[in-house]
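A.B. asks: Here's a structure for you.
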Amino acid sequence: MSDNDKIIDEVTSSEYKYGFSTEIDADTLPPGLDEDTIRLISLKKNEPQWMTDWRLDAFQVWKKMDEPEWANVHYKKPDFQAISYYSAAKKRNIESLDEVDPELLKTFEKLGISLDEQKRLSGVAMDIVVDSVSVSTTFKKTLKEKGIIFCSMSEAIQDYPELVKKYIGTVIPKSDNFYAALNSAVFTDGSFCYIPKGVRCPMELSTYFRINEAGTGQFERTLLIADQNSYVSYLEGCTAPQRDENQLHAAVVELVALDNSEIKYSTVQNWFPGDSNGKGGIFNFVTKRGICETSAKISWTQVETGSAVTWKYPSCILKGDNSIGEFYSVALTNNFQQADTGTKMLHLGRNTKSTIISKGISAGNSHNSYRGLVRMSPRALNARNFSQCDSLLMGDKCGAHTFPYIEVKNPTAKMEHEATTSKIGEDQIFYCQQRGLSTEAAIALIVNGYCKDVLNQLPMEFAVEAQKLLAISLEGSVG
Amino acid sequence: MLEIVNLHASIDDNVILNGINLKVNLGEVHAIMGPNGSGKSTLSNVIAGHDGYDIISGDILFDGESVLDFPPEKRAHLGLFLSFQYPIEIPGVTVSNFIKTALNEIRNARGEEPLAASPMLKMMRDKMKVLEMDKGFLSRSLNEGFSGGEKKRNEIFQMAMLEPKIAILDETDSGLDIDALRIVANGVNSLRSKENTFIIITHYQRLLDYIIPDFVHVLFNGRIVKSGGKELALELEKRGYDWIKKEQE
């Protein structure tokens, strides 16, 4: 191993910086999954009968399905009977920060996302999901004046059952895939958002997820509806405490963009990736999809640095004519992390356009795969796609893989696909060092430059956070 | 300021430097000339701390202190700057971001506060004016798609921003047309002071018409075989390196 490899080896095998867990009394269901578990979850959440039936139906579908094995990831399959499917923080219906568990507030402070600060400085409304139950929602009033609904999924089921009933499962059906079916059966909470016709949401809507109870799977369900001519930018970000055992996360996010509306959905994901020997870490099996009606636009931006195993393909169904789908992604894997992530752009309508920019970074012993499908249906006259998939390798023990799938059934469609693979050069590092940067600072700078096209898509303050996160994920002590 | 004592260095078991002795004081400009393969670029890389070379014996001293064990960035913090013969591209990192990061890393290492955005920008604009650079330069990706001349000018711009005590210019004149050469030379001359020193590595006399050196050294087979004043450069230009080679045989 050359000196430079050693340096790269040192800086890329860093400990998870946000490794701590919060002790909060929780009301937790014993492990196991059967119809009774689902009835109990539904009962605890005081849900209407239609919701209970919907869950039970999903459970029947799930039982007949097999866990998918086509992804380029290897892990010990979770024992679904060993998971507890419900965990609620005991204190609920909190009106002010004073009532929030002080332990929890400390956790947020460590993460640098204290509510106070968020409220005061950034004007971001927060719907914080801690252990499956929302404990605090802010800025509701401002939003309410505009007619915007932004609340937990549980509240939405109680207060806006018609909207939920109309849209839930319409973008991602119960039978879509193994994890989506499981989520449909047992989801405990999540976020719900509705932007009325012609309304431009005046602030970035933000949810911070946090997995908190050891051994508790998280099954978040998010539903976001942008009515005609509306606009919303939604931020989702998360960090998790250090764990020895694997934790399953199988979220579902559905976006509905009605005529002429626009949804910008940004994610910064930093769940515990396992330690430097590959022990522990979150399994992140997420289904995210949006549907665009006429002239609507959905833009997914993600910065993925965490999780032991990632299986995630935020996608767009470009159903309406002139609709637009975008996917901007940075996926960073280090140590023994595995990521199989990408997107699906399904062009159904005429003059539909999609853009895919994917930047993979592999370090340590990790494996990073881009998997993307672009499909132009027979009706998709003049549809266009541009894809760019770049991979950056650090060291010589990691892997980068690209699996592009292209299906074109309309001769007028235009497709472009570009792909590059590169390594951080010793000469680049030396150049930076000569100008006064440490090796770690040099790598952070080079990596952030490489990811610029994606980071530029994030709202300003989120982009700054994401840059820091990339640096932290690759560095040992600097933060 | 900078003292090189009987320095021997090799790369992949090939000995390149064969006992270099050089003493450079503040306020002086030294030119190092020599034919291809004489060890000029190795010397600048070794002074800057490139880890691809093995130091067999000898020492490099900054202000009397040995820097052999210092990584490149620490030498930069002490005031060393190397203008690269082949500047490196870093895609997606703008010139302004790169210089800002470098300047603040150096300030931080010296226990100084980071320079705020507006004085930084003013400083950049002032220095760019001297080097006759376009403002659009700042937002370009570092060295990506730059012409040879733009890369060299960008090196001198960085040098002007970082205000080093010891600046080594490794073949800065190669790839420059006559106008660019004059602009770069003006930039260097405007930075000359009693507080710094320049080592100019070049094949040709040409650059030394603009930047007048106090001393000229001839490097051959990894050793300084001849030293003199500025007239030595003229003699080399006239007679080539062959007579030096013959003298050595």
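Just so we're on the same page: first chain in the structure tokens is A, next is B, and so on; residues restart at 1 for each chain, and ligands are numbered from 1 in the order they show up.
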Dump as a tab-separated table the rows for residues of chain B within 9 Å of chain A: closest atom pair and distance in Å with one decimal, only C-alpha atoms counted, ordered by chain and rising residue number.

C.D. replies:
```
residue	atom	partner	partner_atom	distance
B:Ala48	CA	A:Gln434	CA	6.7
B:Gly49	CA	A:Gln434	CA	8.2
B:His50	CA	A:Phe430	CA	6.9
B:Asp51	CA	A:Asp3	CA	7.7
B:Gly52	CA	A:Asp3	CA	8.6
B:Pro71	CA	A:Gln433	CA	8.1
B:Pro72	CA	A:Gln434	CA	5.4
B:Glu73	CA	A:Gly436	CA	4.2
B:Lys74	CA	A:Gly436	CA	6.8
B:Arg75	CA	A:Gln434	CA	7.7
B:Ala76	CA	A:Gly436	CA	5.1
B:His77	CA	A:Gly436	CA	5.9
B:Leu80	CA	A:Gln434	CA	8.0
B:Phe81	CA	A:Gln434	CA	6.9
B:Leu82	CA	A:Gln434	CA	7.0
B:Phe84	CA	A:Tyr431	CA	8.3
B:Pro87	CA	A:Tyr431	CA	7.9
B:Ile88	CA	A:Gln428	CA	6.1
B:Glu89	CA	A:Gln428	CA	7.3
B:Ile90	CA	A:Ile446	CA	6.5
B:Pro91	CA	A:Gly449	CA	5.9
B:Gly92	CA	A:Gly449	CA	3.9
B:Val93	CA	A:Gly449	CA	4.6
B:Thr94	CA	A:Gly449	CA	8.2
B:Phe98	CA	A:Leu445	CA	8.2
B:Ile99	CA	A:Arg435	CA	8.4
B:Thr101	CA	A:Leu437	CA	7.8
B:Ala102	CA	A:Arg435	CA	5.6
B:Leu103	CA	A:Gly436	CA	7.7
B:Asn104	CA	A:Gly436	CA	8.8
B:Glu105	CA	A:Gly436	CA	6.0
B:Ile106	CA	A:Gly436	CA	5.6
B:Ala109	CA	A:Gly436	CA	8.7
B:Ser141	CA	A:Gly449	CA	8.7
B:Gln158	CA	A:Arg435	CA	8.7
B:Leu162	CA	A:Arg435	CA	8.3
```

A.B. asks: Could you please write out, as a VMD selection string, every residue of segment 230-421 of chain A that DSSP assigns to strand (DSSP E or B)?

C.D. replies: chain A and resid 231 to 239 246 to 249 252 to 257 262 to 270 281 to 292 297 to 304 309 to 312 315 to 318 324 to 333 338 to 347 353 to 362 367 to 376 384 to 393 399 to 408 414 to 421

A.B. asks: Skip segment 360-377 of chain A itself and residues of its chain fewer than 6 positions away, then list as a compact mmCIF listing (two decimals) with N, CA and C atoms, in the first residue's frame all residues within 6 Å of it, counting only C-alpha atoms.

C.D. replies:
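Result file result.txt:
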```txt
# COMPACT_ATOMS: atom_id res chain seq x y z
N VAL A 330 -26.61 12.30 -4.89
CA VAL A 330 -25.26 11.99 -4.44
C VAL A 330 -25.38 10.80 -3.50
N ALA A 331 -24.71 9.72 -3.78
CA ALA A 331 -24.72 8.58 -2.87
C ALA A 331 -23.28 8.29 -2.48
N LEU A 332 -23.00 8.40 -1.19
CA LEU A 332 -21.65 8.17 -0.70
C LEU A 332 -21.63 6.92 0.16
N THR A 333 -20.75 5.99 -0.14
CA THR A 333 -20.62 4.80 0.70
C THR A 333 -19.18 4.69 1.18
N ASN A 334 -19.04 4.25 2.43
CA ASN A 334 -17.72 4.13 3.05
C ASN A 334 -17.69 2.81 3.83
N ASN A 335 -16.53 2.44 4.35
CA ASN A 335 -16.40 1.22 5.13
C ASN A 335 -17.07 0.04 4.41
N PHE A 336 -18.09 -0.59 5.06
CA PHE A 336 -18.74 -1.75 4.42
C PHE A 336 -20.16 -1.43 3.94
N GLN A 337 -20.44 -0.17 3.72
CA GLN A 337 -21.78 0.21 3.25
C GLN A 337 -22.06 -0.31 1.84
N GLN A 338 -23.34 -0.56 1.58
CA GLN A 338 -23.76 -0.97 0.24
C GLN A 338 -24.95 -0.10 -0.16
N ALA A 339 -24.89 0.44 -1.35
CA ALA A 339 -26.02 1.23 -1.83
C ALA A 339 -26.37 0.78 -3.24
N ASP A 340 -27.66 0.56 -3.46
CA ASP A 340 -28.17 0.30 -4.80
C ASP A 340 -29.28 1.32 -4.96
N THR A 341 -28.97 2.39 -5.67
CA THR A 341 -29.93 3.48 -5.74
C THR A 341 -29.93 4.11 -7.12
N GLY A 342 -31.03 4.75 -7.44
CA GLY A 342 -31.19 5.35 -8.76
C GLY A 342 -32.61 5.84 -8.91
N THR A 343 -33.15 5.72 -10.11
CA THR A 343 -34.48 6.28 -10.34
C THR A 343 -35.17 5.55 -11.48
N LYS A 344 -36.46 5.81 -11.59
CA LYS A 344 -37.19 5.36 -12.78
C LYS A 344 -37.90 6.57 -13.35
N MET A 345 -37.72 6.80 -14.63
CA MET A 345 -38.45 7.87 -15.30
C MET A 345 -39.37 7.19 -16.31
N LEU A 346 -40.65 7.23 -16.02
CA LEU A 346 -41.61 6.53 -16.88
C LEU A 346 -42.36 7.57 -17.71
N HIS A 347 -41.99 7.68 -18.97
CA HIS A 347 -42.58 8.68 -19.86
C HIS A 347 -43.85 8.11 -20.49
N LEU A 348 -45.00 8.64 -20.09
CA LEU A 348 -46.26 8.21 -20.68
C LEU A 348 -46.83 9.29 -21.59
N SER A 391 -19.11 8.12 -11.31
CA SER A 391 -18.65 7.39 -10.12
C SER A 391 -17.26 7.88 -9.75
N LEU A 392 -17.06 8.04 -8.47
CA LEU A 392 -15.75 8.45 -7.96
C LEU A 392 -15.28 7.38 -6.98
N LEU A 393 -14.09 6.89 -7.20
CA LEU A 393 -13.56 5.83 -6.33
C LEU A 393 -12.45 6.38 -5.45
N MET A 394 -12.44 5.97 -4.19
CA MET A 394 -11.37 6.35 -3.29
C MET A 394 -10.75 5.08 -2.74
N LYS A 397 -10.28 -0.75 -2.69
CA LYS A 397 -11.03 -1.88 -2.15
C LYS A 397 -12.54 -1.72 -2.35
N CYS A 398 -12.94 -0.61 -2.97
CA CYS A 398 -14.37 -0.35 -3.12
C CYS A 398 -14.82 -0.64 -4.55
N GLY A 399 -16.13 -0.60 -4.75
CA GLY A 399 -16.65 -0.87 -6.08
C GLY A 399 -17.70 0.14 -6.50
N ALA A 400 -17.73 0.46 -7.79
CA ALA A 400 -18.78 1.31 -8.34
C ALA A 400 -19.39 0.57 -9.52
N HIS A 401 -20.71 0.55 -9.56
CA HIS A 401 -21.41 -0.21 -10.60
C HIS A 401 -22.51 0.65 -11.19
N THR A 402 -22.75 0.50 -12.47
CA THR A 402 -23.83 1.25 -13.11
C THR A 402 -24.71 0.29 -13.90
N PHE A 403 -26.01 0.33 -13.61
CA PHE A 403 -26.98 -0.52 -14.32
C PHE A 403 -28.05 0.35 -14.96
N PRO A 404 -27.79 0.88 -16.14
CA PRO A 404 -28.84 1.68 -16.79
C PRO A 404 -29.75 0.80 -17.63
N TYR A 405 -31.06 0.97 -17.46
CA TYR A 405 -32.03 0.24 -18.27
C TYR A 405 -32.75 1.26 -19.14
N ILE A 406 -32.84 0.96 -20.42
CA ILE A 406 -33.48 1.90 -21.33
C ILE A 406 -34.50 1.15 -22.17
N GLU A 407 -35.74 1.63 -22.16
CA GLU A 407 -36.78 1.01 -22.99
C GLU A 407 -37.45 2.11 -23.79
N VAL A 408 -37.26 2.10 -25.09
CA VAL A 408 -37.84 3.15 -25.93
C VAL A 408 -38.83 2.53 -26.90
N LYS A 409 -40.09 2.94 -26.80
CA LYS A 409 -41.11 2.35 -27.67
C LYS A 409 -41.75 3.41 -28.57
```

A.B. asks: Report the closest atom pair, with its distance in Å rounded to one decimal, for each residue of segment 157-183 of chain B that has an atom no farther than 8 Å from segment 204-224 of chain B; count only C-alpha atoms, sort by chain and then rising residue number, and write it as a Markdown table.

C.D. replies:
```
| residue | atom | partner | partner_atom | distance |
| --- | --- | --- | --- | --- |
| B:Asp173 | CA | B:Leu207 | CA | 6.4 |
| B:Leu181 | CA | B:Leu207 | CA | 7.1 |
| B:Arg182 | CA | B:Tyr210 | CA | 6.9 |
```

A.B. asks: Would you mind exporting the chosen residues as a tab-separated table (two decimals), in the first residue's frame, restricted to C-alpha atoms?

C.D. replies:
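Heads up, here's the output in part_22.tsv:
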```
chain	number	residue	atom	x	y	z
B	173	ASP	CA	7.22	30.80	-18.60
B	181	LEU	CA	4.91	36.55	-20.10
B	182	ARG	CA	5.14	40.30	-19.58
```

A.B. asks: Quick check, in Å to one decimal: how far apart do atom CA of Asp12 of chain B and atom CA of Ile168 of chain B lie?

C.D. replies: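 Those two atoms sit 24.3 Å apart.
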
A.B. asks: Using atom CA of Gly190 of chain A and atom CA of Leu43 of chain A as the two end points, give the distance in Å to one decimal.

C.D. replies: 17.1 Å

A.B. asks: Set the distance at 7 Å and use only C-alpha atoms: which residues neighbour Lys264 of chain A once local chain neighbours fewer than 3 positions away are removed? I'd like the list as a list in words.

C.D. replies: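 Counting only C-alpha atoms, the residues come to Val232, Ser233, Tyr234, Ile298, Ser299 and Trp300 of chain A.
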
A.B. asks: What does the distance between atom CA of Leu232 of chain B and atom CA of Glu247 of chain B come to in Å, to one decimal place?

C.D. replies: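 Atom CA of Glu247 of chain B lies at a distance of 15.0 Å from atom CA of Leu232 of chain B.
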
A.B. asks: Quick one: residues within 8 Å of Ala180 of chain A, only C-alpha atoms, excluding same-chain residues fewer than 5 positions away - as a ChimeraX atom specification?

C.D. replies: /A:172-175,250-252,286-287

A.B. asks: According to DSSP computed on the backbone, where in segment 20-159 of chain B is there alpha helix (DSSP H)? Give the residues as a PyMOL selection string.

C.D. replies: chain B and resi 40-48+72-77+95-109+117-130+148-159
